[in-house]
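Following: one structure in structure tokens, then a few remarks.
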2 protein chains.
Amino acid sequence: MSALASRRTPFAVLDLDRLDANIQRMQARVDRLGVGLRPHVKTPKCREVVARQLAAGARGVTVSTLAEARWCFDMGVDDVIYAVGIVPQKLREVLELRRRGCNLRVVLDSIEAAQAVAGAGKEARHRFEVLIEIDVDGHRAGVSPTSPRLVTIAETLQQGGAELAGVLTHGGGSYGVPGLEALAAFAEQERSLCLEAADRLRAAGFPCHIVSVGSTPTAAAARRWDGITEIRAGVYVLQDLVMAGLGVCLLDDIALSVATTVIGHQVEKGWVLVDAGWTALSRDRGTAVQAVDQGYGVVCTEDGEILEDWIVAAVNQEHGIVTRRDRCVVHDLAEVFPYGSRLRILPNHACATADQFDSYLAWRSGAIVEEWRRERGW
Amino acid sequence: MSALASRRTPFAVLDLDRLDANIQRMQARVDRLGVGLRPHVKTPKCREVVARQLAAGARGVTVSTLAEARWCFDMGVDDVIYAVGIVPQKLREVLELRRRGCNLRVVLDSIEAAQAVAGAGKEARHRFEVLIEIDVDGHRAGVSPTSPRLVTIAETLQQGGAELAGVLTHGGGSYGVPGLEALAAFAEQERSLCLEAADRLRAAGFPCHIVSVGSTPTAAAARRWDGITEIRAGVYVLQDLVMAGLGVCLLDDIALSVATTVIGHQVEKGWVLVDAGWTALSRDRGTAVQAVDQGYGVVCTEDGEILEDWIVAAVNQEHGIVTRRDRCVVHDLAEVFPYGSRLRILPNHACATADQFDSYLAWRSGAIVEEWRRERGW
């Protein structure tokens, strides 16, 4: 990693070989199961990465902010789902993007929201396109597939300036389900309940063209997606320690790491102090609830070789404390990790760690290929 | 808060009355105890805030990144301590800033680091100014005040291109010491051990002009600072739930909040879904180890009235889940927190939450005064 030696730490390294392999693997999976892939850009937030996902066969994108919708449209993507429940204050900007030619669809799960969108559409002489969010696992938002509210929402939209484009769910509960067997069963629950909602709407006379499901764990584990039109997944493109802990990827698949420098030691305690704190690694502790708690990240050498016994045990704003996983004290610590030497840290949660940086250093075969800007804000 | 109604949520609100009161209160405290105040800009990362701290009487600034040193120098601050252990790769930029007239001092705690700085100074025909970091509470970096290493480091610096400017400690262990009585005792430990280190260096012939200590909790609680030349503190300027939990401030002193919109409900579960997830609130859970766990933040009305029974219980990337603190289900939830209405969230840790935003909306007497840019990066 000598090509990186002149850069001041901390910085985010994006391994392009792993990135491309992650993109190809997921695309091949969804192709094999005969379903579309609509990547969630909230993980990479990077035009170059999204361009690679689209080039590999992805159809459209999922966004979590209107900022993401804007830069995706600027780069030529006009097929967009904004997958966070819409509120009235955001409809003006949705309308503006739609009028400029971006087929930006919004998501909602209540009659109040349906009235707001239908009313705003009527007033603007516009027909918003809407997906109803379905709750398949009780983890967050959404209407139950058996709720009477489902058809009422569709009717409310229809009567105003909006039309039903379909249903959408996020099987986010999958993050608590380790193992590919269990995840496949969870994916089947996600599939069948979302399809049940679509079928109820169709029976009530609403076409429901889009049946959209997904999360990286269920996308990686599902055996079939019959009746589903598209999968949404985000983390798969970078992968992370949470995904590795679920059995969804290997540590060697993780494309994102944070480069850091050893700034000191507390040898008696077995501590190596590094200049990656929470401003670099984020405060995310996703693996804390898994079988193996990876602290704030797994330590690698500068070249990326995984040092499995070593984790970042604690962080402050600009300091990290690296220790052995078992907290054993190694008396030649300062020789093993010399002052001024460099390490790389694999992240708990790629979305959160990547979000701490304004760019990625795109890295391939021991050299920096390019610096890729990361997008921010709302 | 109607003046904020047209802004898309989430955004960061900075209450200027509270900010100014926090600045005045701390400045009055240090003035009374006859010691200087060198605010840590890592909390606000904002020129307008730092300008107010300096106008109130602060002498110089503390920084946690070279980026902070750069923008502080750009705004005319030439008295700077970079309070994270220096590494050789960063000395070129330190030298450049020093040659431009910024009295940027660096911090280290090892003989290896002293050799690196002394050697780099010699090579550049420059004398770096260095503070030795002292460990007063075992919480992170620093040399023990009784360690033989202390004098060896000073000698190493002296023999090369560097001089000893003084000693510095951060009583970060104070974050685990609730109550002003206990914090006052902790501050006395911080004071006496740092002074012991300075005295040892002076006895060995090193002048040690600066004796720098601090953390917001010890700065707020200390009864005397005899022998100390300056206090460093950061969080006090914004305050947060962690500080309130330590007894260092009241909830009404917290100057930072995050504005968010209600996007939906799961009424049966007692959940209000809002559009502030971890991209807005951060993943910091500083109050998790305190007597009162505040989740991801305490909920206020749009106007800032604290709703003490309500906290953000969980976050995803762009979603927050607000519940009653006792998890009781309120059946008129959708009437109490209507769809599309707004709330504000008080943060666990002001540094971390502020860091999620590129600007603050500076707010006074019900109106936005200005939008203040926040600085980022390293």
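Ligands are numbered from 1 in the order shown, residues from 1 within each chain, and chains are lettered A, B, ... in the order they appear in the structure tokens.
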Which residues of chain A have any atom within 7 Å of an atom in chain B when counting only C-alpha atoms, and what is the closest pair of atoms for each, with the distance in Å to one decimal? Order the rows by chain and rising number and write it as JSON lines.
```
{"residue": "A:Arg8", "atom": "CA", "partner": "B:Gln89", "partner_atom": "CA", "distance": 6.6}
{"residue": "A:Ser64", "atom": "CA", "partner": "B:Glu318", "partner_atom": "CA", "distance": 6.6}
{"residue": "A:Gly85", "atom": "CA", "partner": "B:Ile263", "partner_atom": "CA", "distance": 5.6}
{"residue": "A:Ile86", "atom": "CA", "partner": "B:Ile263", "partner_atom": "CA", "distance": 6.5}
{"residue": "A:Val87", "atom": "CA", "partner": "B:Gly340", "partner_atom": "CA", "distance": 5.7}
{"residue": "A:Pro88", "atom": "CA", "partner": "B:Gly340", "partner_atom": "CA", "distance": 6.6}
{"residue": "A:Gln89", "atom": "CA", "partner": "B:Arg8", "partner_atom": "CA", "distance": 6.6}
{"residue": "A:Lys90", "atom": "CA", "partner": "B:Arg8", "partner_atom": "CA", "distance": 6.7}
{"residue": "A:Ser110", "atom": "CA", "partner": "B:Gly264", "partner_atom": "CA", "distance": 7.0}
{"residue": "A:Glu112", "atom": "CA", "partner": "B:Tyr339", "partner_atom": "CA", "distance": 6.9}
{"residue": "A:Ala141", "atom": "CA", "partner": "B:Gln266", "partner_atom": "CA", "distance": 6.9}
{"residue": "A:Ile263", "atom": "CA", "partner": "B:Gly85", "partner_atom": "CA", "distance": 5.6}
{"residue": "A:Gly264", "atom": "CA", "partner": "B:Ser110", "partner_atom": "CA", "distance": 7.0}
{"residue": "A:Gln266", "atom": "CA", "partner": "B:Ala141", "partner_atom": "CA", "distance": 7.0}
{"residue": "A:Arg283", "atom": "CA", "partner": "B:Arg283", "partner_atom": "CA", "distance": 5.1}
{"residue": "A:Asp284", "atom": "CA", "partner": "B:Arg283", "partner_atom": "CA", "distance": 5.6}
{"residue": "A:Glu318", "atom": "CA", "partner": "B:Ser64", "partner_atom": "CA", "distance": 6.6}
{"residue": "A:Tyr339", "atom": "CA", "partner": "B:Glu112", "partner_atom": "CA", "distance": 6.9}
{"residue": "A:Gly340", "atom": "CA", "partner": "B:Val87", "partner_atom": "CA", "distance": 5.7}
```
Can you write just those residues out, N, CA and C atoms, as a compact mmCIF listing (two decimals), in the first residue's frame?
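Below you can see out-v2.txt, which holds the result:
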```txt
# COMPACT_ATOMS: atom_id res chain seq x y z
N ARG A 8 -2.47 11.62 4.09
CA ARG A 8 -2.67 11.72 5.52
C ARG A 8 -3.84 10.85 5.95
N SER A 64 -32.68 7.03 -0.39
CA SER A 64 -33.19 7.27 0.97
C SER A 64 -33.33 8.76 1.26
N GLY A 85 -40.86 6.94 3.93
CA GLY A 85 -42.22 7.49 3.94
C GLY A 85 -42.24 8.99 3.62
N ILE A 86 -43.05 9.34 2.62
CA ILE A 86 -43.07 10.73 2.14
C ILE A 86 -43.87 11.61 3.11
N VAL A 87 -43.46 12.87 3.22
CA VAL A 87 -44.25 13.86 3.97
C VAL A 87 -44.56 15.03 3.06
N PRO A 88 -45.65 15.76 3.36
CA PRO A 88 -46.11 16.82 2.45
C PRO A 88 -45.02 17.82 2.07
N GLN A 89 -44.17 18.19 3.05
CA GLN A 89 -43.15 19.22 2.79
C GLN A 89 -42.17 18.83 1.69
N LYS A 90 -42.09 17.54 1.38
CA LYS A 90 -41.11 17.10 0.38
C LYS A 90 -41.72 16.93 -1.01
N SER A 110 -49.97 5.18 5.18
CA SER A 110 -51.13 5.61 5.97
C SER A 110 -52.14 6.33 5.09
N GLU A 112 -53.58 9.10 5.98
CA GLU A 112 -53.23 10.53 6.06
C GLU A 112 -52.21 10.89 4.97
N ALA A 141 -41.66 0.42 9.48
CA ALA A 141 -42.87 1.02 8.94
C ALA A 141 -43.69 -0.03 8.17
N ILE A 263 -0.41 6.05 16.44
CA ILE A 263 0.08 7.30 17.03
C ILE A 263 0.72 7.07 18.40
N GLY A 264 0.56 5.89 18.98
CA GLY A 264 1.19 5.62 20.28
C GLY A 264 0.74 4.28 20.85
N GLN A 266 -0.09 2.12 24.87
CA GLN A 266 -0.05 1.96 26.33
C GLN A 266 0.31 0.48 26.50
N ARG A 283 -19.85 5.54 14.92
CA ARG A 283 -20.16 4.96 16.22
C ARG A 283 -20.95 3.65 16.08
N ASP A 284 -21.11 3.16 14.85
CA ASP A 284 -21.94 1.98 14.64
C ASP A 284 -21.32 0.75 15.31
N GLU A 318 -11.15 11.42 17.62
CA GLU A 318 -10.07 11.21 16.64
C GLU A 318 -9.08 10.14 17.10
N TYR A 339 5.21 2.67 16.07
CA TYR A 339 4.79 4.08 15.96
C TYR A 339 4.95 4.55 14.52
N GLY A 340 3.91 5.19 13.98
CA GLY A 340 3.97 5.73 12.63
C GLY A 340 3.61 4.74 11.53
```
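For the atom pair formed by atom CA of Thr229 of chain B and atom CA of Trp71 of chain B, the distance is 24.9 Å, given to one decimal.
Between atom CA of Thr323 of chain A and atom CA of Trp310 of chain A lies a distance of 5.8 Å.
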Give the helix (DSSP H, G or I) residues of segment 193-243 of chain A, as assigned by DSSP on the backbone, as a PDB file with N, CA and C atoms, in the first residue's frame.
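Here's the written file out.pdb:
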```pdb
ATOM      1  N   LEU A 193     -45.549 -12.524   1.980  1.00  0.00           N
ATOM      2  CA  LEU A 193     -46.414 -11.504   2.570  1.00  0.00           C
ATOM      3  C   LEU A 193     -46.529 -10.283   1.666  1.00  0.00           C
ATOM      4  N   CYS A 194     -45.457  -9.934   0.989  1.00  0.00           N
ATOM      5  CA  CYS A 194     -45.534  -8.787   0.083  1.00  0.00           C
ATOM      6  C   CYS A 194     -46.432  -9.124  -1.105  1.00  0.00           C
ATOM      7  N   LEU A 195     -46.305 -10.369  -1.561  1.00  0.00           N
ATOM      8  CA  LEU A 195     -47.139 -10.820  -2.679  1.00  0.00           C
ATOM      9  C   LEU A 195     -48.614 -10.886  -2.273  1.00  0.00           C
ATOM     10  N   GLU A 196     -48.860 -11.290  -1.040  1.00  0.00           N
ATOM     11  CA  GLU A 196     -50.237 -11.334  -0.531  1.00  0.00           C
ATOM     12  C   GLU A 196     -50.864  -9.934  -0.603  1.00  0.00           C
ATOM     13  N   ALA A 197     -50.084  -8.938  -0.222  1.00  0.00           N
ATOM     14  CA  ALA A 197     -50.578  -7.556  -0.284  1.00  0.00           C
ATOM     15  C   ALA A 197     -50.871  -7.163  -1.732  1.00  0.00           C
ATOM     16  N   ALA A 198     -49.956  -7.512  -2.641  1.00  0.00           N
ATOM     17  CA  ALA A 198     -50.161  -7.180  -4.058  1.00  0.00           C
ATOM     18  C   ALA A 198     -51.420  -7.866  -4.587  1.00  0.00           C
ATOM     19  N   ASP A 199     -51.590  -9.136  -4.207  1.00  0.00           N
ATOM     20  CA  ASP A 199     -52.754  -9.887  -4.687  1.00  0.00           C
ATOM     21  C   ASP A 199     -54.058  -9.290  -4.160  1.00  0.00           C
ATOM     22  N   ARG A 200     -54.048  -8.840  -2.911  1.00  0.00           N
ATOM     23  CA  ARG A 200     -55.262  -8.216  -2.357  1.00  0.00           C
ATOM     24  C   ARG A 200     -55.596  -6.938  -3.115  1.00  0.00           C
ATOM     25  N   LEU A 201     -54.581  -6.170  -3.427  1.00  0.00           N
ATOM     26  CA  LEU A 201     -54.824  -4.926  -4.160  1.00  0.00           C
ATOM     27  C   LEU A 201     -55.323  -5.228  -5.571  1.00  0.00           C
ATOM     28  N   ARG A 202     -54.734  -6.242  -6.210  1.00  0.00           N
ATOM     29  CA  ARG A 202     -55.166  -6.609  -7.569  1.00  0.00           C
ATOM     30  C   ARG A 202     -56.618  -7.089  -7.556  1.00  0.00           C
ATOM     31  N   ALA A 203     -56.943  -7.860  -6.526  1.00  0.00           N
ATOM     32  CA  ALA A 203     -58.316  -8.359  -6.414  1.00  0.00           C
ATOM     33  C   ALA A 203     -59.300  -7.201  -6.245  1.00  0.00           C
ATOM     34  N   THR A 216     -30.037  -6.806   1.912  1.00  0.00           N
ATOM     35  CA  THR A 216     -28.899  -7.610   1.457  1.00  0.00           C
ATOM     36  C   THR A 216     -28.978  -9.050   1.977  1.00  0.00           C
ATOM     37  N   PRO A 217     -29.303  -9.267   3.266  1.00  0.00           N
ATOM     38  CA  PRO A 217     -29.340 -10.665   3.726  1.00  0.00           C
ATOM     39  C   PRO A 217     -30.362 -11.521   2.983  1.00  0.00           C
ATOM     40  N   THR A 218     -31.592 -10.983   2.777  1.00  0.00           N
ATOM     41  CA  THR A 218     -32.578 -11.825   2.084  1.00  0.00           C
ATOM     42  C   THR A 218     -32.230 -11.959   0.602  1.00  0.00           C
ATOM     43  N   ALA A 219     -31.672 -10.903   0.016  1.00  0.00           N
ATOM     44  CA  ALA A 219     -31.264 -10.992  -1.387  1.00  0.00           C
ATOM     45  C   ALA A 219     -30.187 -12.058  -1.579  1.00  0.00           C
ATOM     46  N   ALA A 220     -29.322 -12.202  -0.592  1.00  0.00           N
ATOM     47  CA  ALA A 220     -28.227 -13.169  -0.701  1.00  0.00           C
ATOM     48  C   ALA A 220     -28.684 -14.594  -0.446  1.00  0.00           C
ATOM     49  N   ALA A 221     -29.791 -14.753   0.273  1.00  0.00           N
ATOM     50  CA  ALA A 221     -30.171 -16.088   0.735  1.00  0.00           C
ATOM     51  C   ALA A 221     -31.390 -16.679   0.039  1.00  0.00           C
ATOM     52  N   VAL A 235     -26.164  -2.764   1.001  1.00  0.00           N
ATOM     53  CA  VAL A 235     -24.861  -3.075   1.621  1.00  0.00           C
ATOM     54  C   VAL A 235     -24.030  -4.046   0.786  1.00  0.00           C
ATOM     55  N   TYR A 236     -24.684  -4.926   0.035  1.00  0.00           N
ATOM     56  CA  TYR A 236     -23.968  -5.968  -0.713  1.00  0.00           C
ATOM     57  C   TYR A 236     -22.810  -5.420  -1.536  1.00  0.00           C
ATOM     58  N   VAL A 237     -22.927  -4.171  -1.969  1.00  0.00           N
ATOM     59  CA  VAL A 237     -21.924  -3.629  -2.887  1.00  0.00           C
ATOM     60  C   VAL A 237     -20.580  -3.403  -2.176  1.00  0.00           C
ATOM     61  N   LEU A 241     -18.798  -6.134   8.326  1.00  0.00           N
ATOM     62  CA  LEU A 241     -18.673  -7.152   9.369  1.00  0.00           C
ATOM     63  C   LEU A 241     -20.034  -7.676   9.825  1.00  0.00           C
ATOM     64  N   VAL A 242     -21.059  -6.834   9.779  1.00  0.00           N
ATOM     65  CA  VAL A 242     -22.403  -7.311  10.141  1.00  0.00           C
ATOM     66  C   VAL A 242     -22.845  -8.380   9.145  1.00  0.00           C
ATOM     67  N   MET A 243     -22.620  -8.133   7.874  1.00  0.00           N
ATOM     68  CA  MET A 243     -22.990  -9.121   6.855  1.00  0.00           C
ATOM     69  C   MET A 243     -22.162 -10.398   7.015  1.00  0.00           C
TER      70      MET A 243
END
```
Requested in this report: Considering only C-alpha atoms, return as a count of residues only whatever protein or nucleic-acid residues lie within 12 Å of Glu48 of chain A, sequence-local ones (same chain, fewer than 5 positions apart) excluded.
Outcome: 21
Query raised in the report: Any idea what's packed within 6 Å of segment 30-40 of chain A, counting only C-alpha atoms, ignoring anything in its chain fewer than 5 positions away? Could you give it as a PyMOL selection string?
Result: chain A and resi 58-63+229-234
In segment 205-340 of chain A, DSSP strand (DSSP E) residues written as a JSON list (two decimals) with N, CA and C atoms, in the first residue's frame:
```
[["chain", "number", "residue", "atom", "x", "y", "z"],
["A", 210, "ILE", "N", -45.50, -3.01, -9.63],
["A", 210, "ILE", "CA", -44.23, -3.25, -8.95],
["A", 210, "ILE", "C", -44.47, -4.01, -7.65],
["A", 211, "VAL", "N", -43.73, -5.09, -7.47],
["A", 211, "VAL", "CA", -43.72, -5.79, -6.19],
["A", 211, "VAL", "C", -42.26, -5.86, -5.78],
["A", 212, "SER", "N", -41.89, -4.97, -4.86],
["A", 212, "SER", "CA", -40.49, -4.70, -4.57],
["A", 212, "SER", "C", -40.15, -5.12, -3.15],
["A", 213, "VAL", "N", -39.15, -5.97, -3.02],
["A", 213, "VAL", "CA", -38.74, -6.46, -1.69],
["A", 213, "VAL", "C", -37.23, -6.31, -1.55],
["A", 230, "GLU", "N", -38.84, -6.99, -8.32],
["A", 230, "GLU", "CA", -37.50, -6.43, -8.12],
["A", 230, "GLU", "C", -37.03, -6.59, -6.68],
["A", 231, "ILE", "N", -35.70, -6.68, -6.57],
["A", 231, "ILE", "CA", -35.03, -6.75, -5.27],
["A", 231, "ILE", "C", -34.31, -5.44, -5.04],
["A", 256, "LEU", "N", -14.66, -2.06, 1.63],
["A", 256, "LEU", "CA", -14.37, -0.78, 2.29],
["A", 256, "LEU", "C", -13.49, -0.99, 3.50],
["A", 257, "SER", "N", -12.47, -0.15, 3.64],
["A", 257, "SER", "CA", -11.67, -0.16, 4.87],
["A", 257, "SER", "C", -11.19, 1.26, 5.14],
["A", 258, "VAL", "N", -10.79, 1.48, 6.37],
["A", 258, "VAL", "CA", -10.31, 2.80, 6.78],
["A", 258, "VAL", "C", -8.82, 2.70, 7.09],
["A", 259, "ALA", "N", -8.02, 3.50, 6.39],
["A", 259, "ALA", "CA", -6.58, 3.52, 6.63],
["A", 259, "ALA", "C", -6.28, 4.43, 7.82],
["A", 260, "THR", "N", -5.40, 3.98, 8.70],
["A", 260, "THR", "CA", -5.09, 4.72, 9.91],
["A", 260, "THR", "C", -3.62, 4.55, 10.27],
["A", 261, "THR", "N", -3.11, 5.42, 11.13],
["A", 261, "THR", "CA", -1.70, 5.40, 11.54],
["A", 261, "THR", "C", -1.60, 5.17, 13.05],
["A", 262, "VAL", "N", -0.61, 4.40, 13.45],
["A", 262, "VAL", "CA", -0.33, 4.18, 14.88],
["A", 262, "VAL", "C", 0.27, 5.46, 15.45],
["A", 263, "ILE", "N", -0.41, 6.05, 16.44],
["A", 263, "ILE", "CA", 0.08, 7.30, 17.03],
["A", 263, "ILE", "C", 0.72, 7.07, 18.40],
["A", 264, "GLY", "N", 0.56, 5.89, 18.98],
["A", 264, "GLY", "CA", 1.19, 5.62, 20.28],
["A", 264, "GLY", "C", 0.74, 4.28, 20.85],
["A", 265, "HIS", "N", 1.18, 4.02, 22.08],
["A", 265, "HIS", "CA", 0.88, 2.75, 22.76],
["A", 265, "HIS", "C", 0.68, 3.00, 24.24],
["A", 266, "GLN", "N", -0.09, 2.12, 24.87],
["A", 266, "GLN", "CA", -0.05, 1.96, 26.33],
["A", 266, "GLN", "C", 0.31, 0.48, 26.50],
["A", 271, "TRP", "N", -2.62, -1.70, 24.58],
["A", 271, "TRP", "CA", -3.34, -0.77, 23.70],
["A", 271, "TRP", "C", -2.43, -0.20, 22.63],
["A", 272, "VAL", "N", -2.91, -0.22, 21.39],
["A", 272, "VAL", "CA", -2.28, 0.52, 20.30],
["A", 272, "VAL", "C", -3.21, 1.69, 19.98],
["A", 273, "LEU", "N", -2.71, 2.90, 20.07],
["A", 273, "LEU", "CA", -3.55, 4.07, 19.76],
["A", 273, "LEU", "C", -3.39, 4.42, 18.28],
["A", 274, "VAL", "N", -4.51, 4.63, 17.61],
["A", 274, "VAL", "CA", -4.49, 4.96, 16.18],
["A", 274, "VAL", "C", -5.30, 6.23, 15.94],
["A", 298, "VAL", "N", -12.41, -4.71, 12.56],
["A", 298, "VAL", "CA", -11.34, -5.70, 12.54],
["A", 298, "VAL", "C", -10.10, -5.07, 11.90],
["A", 299, "VAL", "N", -8.96, -5.34, 12.51],
["A", 299, "VAL", "CA", -7.70, -4.72, 12.07],
["A", 299, "VAL", "C", -7.06, -5.54, 10.95],
["A", 300, "CYS", "N", -6.53, -4.84, 9.95],
["A", 300, "CYS", "CA", -5.75, -5.46, 8.87],
["A", 300, "CYS", "C", -4.41, -4.72, 8.78],
["A", 301, "THR", "N", -3.46, -5.36, 8.14],
["A", 301, "THR", "CA", -2.22, -4.65, 7.83],
["A", 301, "THR", "C", -2.52, -3.59, 6.77],
["A", 306, "ILE", "N", -5.75, -9.64, 6.96],
["A", 306, "ILE", "CA", -6.58, -9.56, 8.17],
["A", 306, "ILE", "C", -5.82, -10.09, 9.38],
["A", 307, "LEU", "N", -5.80, -9.29, 10.45],
["A", 307, "LEU", "CA", -5.18, -9.70, 11.71],
["A", 307, "LEU", "C", -6.34, -10.07, 12.65],
["A", 308, "GLU", "N", -6.82, -11.31, 12.52],
["A", 308, "GLU", "CA", -8.11, -11.66, 13.13],
["A", 308, "GLU", "C", -8.16, -11.49, 14.64],
["A", 309, "ASP", "N", -7.01, -11.55, 15.30],
["A", 309, "ASP", "CA", -7.00, -11.42, 16.76],
["A", 309, "ASP", "C", -7.15, -9.98, 17.23],
["A", 310, "TRP", "N", -7.10, -9.03, 16.31],
["A", 310, "TRP", "CA", -7.04, -7.63, 16.72],
["A", 310, "TRP", "C", -8.28, -6.86, 16.26],
["A", 311, "ILE", "N", -8.84, -6.11, 17.17],
["A", 311, "ILE", "CA", -10.00, -5.27, 16.85],
["A", 311, "ILE", "C", -9.80, -3.86, 17.41],
["A", 312, "VAL", "N", -10.62, -2.93, 16.92],
["A", 312, "VAL", "CA", -10.68, -1.61, 17.54],
["A", 312, "VAL", "C", -11.65, -1.73, 18.71],
["A", 313, "ALA", "N", -11.12, -1.65, 19.92],
["A", 313, "ALA", "CA", -11.95, -1.91, 21.10],
["A", 313, "ALA", "C", -12.73, -0.69, 21.56],
["A", 314, "ALA", "N", -12.21, 0.50, 21.26],
["A", 314, "ALA", "CA", -12.86, 1.74, 21.72],
["A", 314, "ALA", "C", -12.50, 2.87, 20.78],
["A", 315, "VAL", "N", -13.36, 3.87, 20.72],
["A", 315, "VAL", "CA", -13.06, 5.06, 19.92],
["A", 315, "VAL", "C", -13.46, 6.32, 20.68],
["A", 320, "GLY", "N", -8.57, 5.92, 18.13],
["A", 320, "GLY", "CA", -9.07, 4.56, 18.28],
["A", 320, "GLY", "C", -8.11, 3.80, 19.17],
["A", 321, "ILE", "N", -8.64, 2.83, 19.92],
["A", 321, "ILE", "CA", -7.79, 1.97, 20.74],
["A", 321, "ILE", "C", -7.89, 0.55, 20.19],
["A", 322, "VAL", "N", -6.77, 0.06, 19.63],
["A", 322, "VAL", "CA", -6.70, -1.30, 19.10],
["A", 322, "VAL", "C", -6.17, -2.21, 20.20],
["A", 323, "THR", "N", -6.85, -3.33, 20.41],
["A", 323, "THR", "CA", -6.38, -4.32, 21.38],
["A", 323, "THR", "C", -6.53, -5.71, 20.76],
["A", 324, "ARG", "N", -5.91, -6.70, 21.42],
["A", 324, "ARG", "CA", -6.24, -8.07, 21.05],
["A", 324, "ARG", "C", -7.69, -8.30, 21.42]]
```
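Among A:Ile345, A:Ala367, A:Ala255, A:Leu246, the residue with the shortest atom-to-atom distance to Pro178 of chain A, counting only C-alpha atoms, is A:Leu246.
Coordinates place atom CA of His170 of chain B at a distance of 20.5 Å from atom CA of Pro148 of chain B.
Using only C-alpha atoms, the shortest contact distance between Val267 of chain A and any of A:Val136, A:Ala67, A:Ala51, A:Val336 is found at A:Val336.
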Query raised in the report: Which of these residues is nearest to Gly171 of chain B, using only C-alpha atoms: B:Leu150, B:Ala291, B:Ala222, B:Ile23?
Result: B:Ala222
Query - Shell around Asp252 of chain B at 10 Å using only C-alpha atoms, local window under 4 positions removed, as an MDAnalysis selection string - result: chainID B and resid 18 239:240 244 304:306 346
